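Structure first, then comments.
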Amino acid sequence: MMMDAGGCVEQGKNIITAAKHVNKRVRYANKTIKKNNRSSSSCKKMRREAVFPRVPEVLQQLFVSCREIFKGPGTVPPASDVNKLRSILDKMKAEDVGLSKNLHFFKARGAVKGTPRVTCTTIYQCDEFSLCIFFIPEAAVIPLHNHPGMTVFSKLLLGTMHIKSYDWVDPIDTKNDTTPSPQLRLARLKANSAYTAPCDTSVLYPTTGGNIHEFTAVTPCAVLDVMGPPYSKDEGRDCSYYKDFPIGIMKMEEQEE
């Protein structure tokens, strides 16, 4: 499989929209609400304590573990830490992040007018890692893209999604691989299957595990991504998009010429 860098860059920019909501801490704050209760006899100020739901234990456990495990750019978690995070994510359910299959988004089926738009909401982000959820409507596609110098855990929370992923046959030092080459490069197919929630968490690394992947929603999907470190254009971890060319098709085109 050969890939051309940048073939879907403009399309990717138009498809993915961000709906960021960044919390510096994964918790709910207690808040006191003052309410004026006016009556004919008196006017009294009453204070009510607002009750907020507690953060699910597994989500809090994920956050604390990420803070301990991700050490910043240029580092990859050891196998023991990868297994720890994977085991936490494997236990996570849609309800742990406030989602349900009964929400209208996950019930919507059928043709969508225009290009289906993928949205993303950020639960938490810092220099070392980020927690975000991608909402992918039916038939929507996140094109082939890379994760330079990053370790990424993907947990499908709801829906059925087709994943196609590749690794470079000749990986380049990630420190110098921040700008995609305009030339074709040989890539090895890592995955090309459909997955339905609940399923195991997938993990990709800077040069292995399917660092370049594409998501196609068979049904409306929600995917929780844990990225360490997160994308950063200033630090050379910008997202690049690719187009794949199967070698068999390329040979046929050469023969026709």
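Chain lettering (A, B, ...) mirrors the order of the structure tokens, residue numbering begins at 1 for each chain separately, and ligand numbering begins at 1 in order of display.
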
*Contacts of Leu158 of chain A at 8 Å (only C-alpha atoms; same-chain gap of 3+ positions) as a PyMOL selection string*: chain A and resi 94+101+196-198+220-223

*Spatial neighbours of segment 149-155 of chain A, 6 Å, only C-alpha atoms, chain gap at least 3 places, as a ChimeraX atom specification*: /A:174,201-206,223-229

*Do a neighbour search on Pro171 of chain A at 10 Å with only C-alpha atoms, toss out local chain neighbours closer than 5 positions, and write the hits as an MDAnalysis selection string.*
chainID A and resid 177 185:187 206:208

_Which of segment 51-213 of chain A end up as strand (DSSP E or B) when DSSP is run on this backbone - answer as a PyMOL selection string?_
chain A and resi 118-125+130-136+141-145+151-158+160-168+185-196+202-204+212-213

_Option closest in space to Ala140 of chain A, from A:Tyr166, A:Phe105, A:Phe215, A:Phe70 [counting only C-alpha atoms]_ =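 Nearest candidate to Ala140 of chain A out of A:Tyr166, A:Phe105, A:Phe215, A:Phe70: A:Phe215.
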
*Residue among A:Arg54, A:Leu184, A:Leu157, A:Gly72 lying closest to Phe106 of chain A, counting only C-alpha atoms*: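 Looking at the shortest contact to Phe106 of chain A, the residue is A:Leu157.
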
*Kindly give the distance, in Å, that separates atom CA of Glu95 of chain A and atom CA of Lys71 of chain A, rounded to a single decimal.*
28.9 Å

_Report as a list in words all protein, DNA and RNA residues lying within 12 Å of Val64 of chain A, evaluated on only C-alpha atoms, omitting residues in the same chain fewer than 2 positions from it._
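My list of contacting residues is Arg25, Val26, Arg27, Glu57, Val58, Leu59, Gln60, Gln61, Leu62, Cys66, Arg67, Glu68, Ile69, Phe70, Lys84, Leu85, Ile88, Tyr124, Phe129 and Leu131 of chain A.
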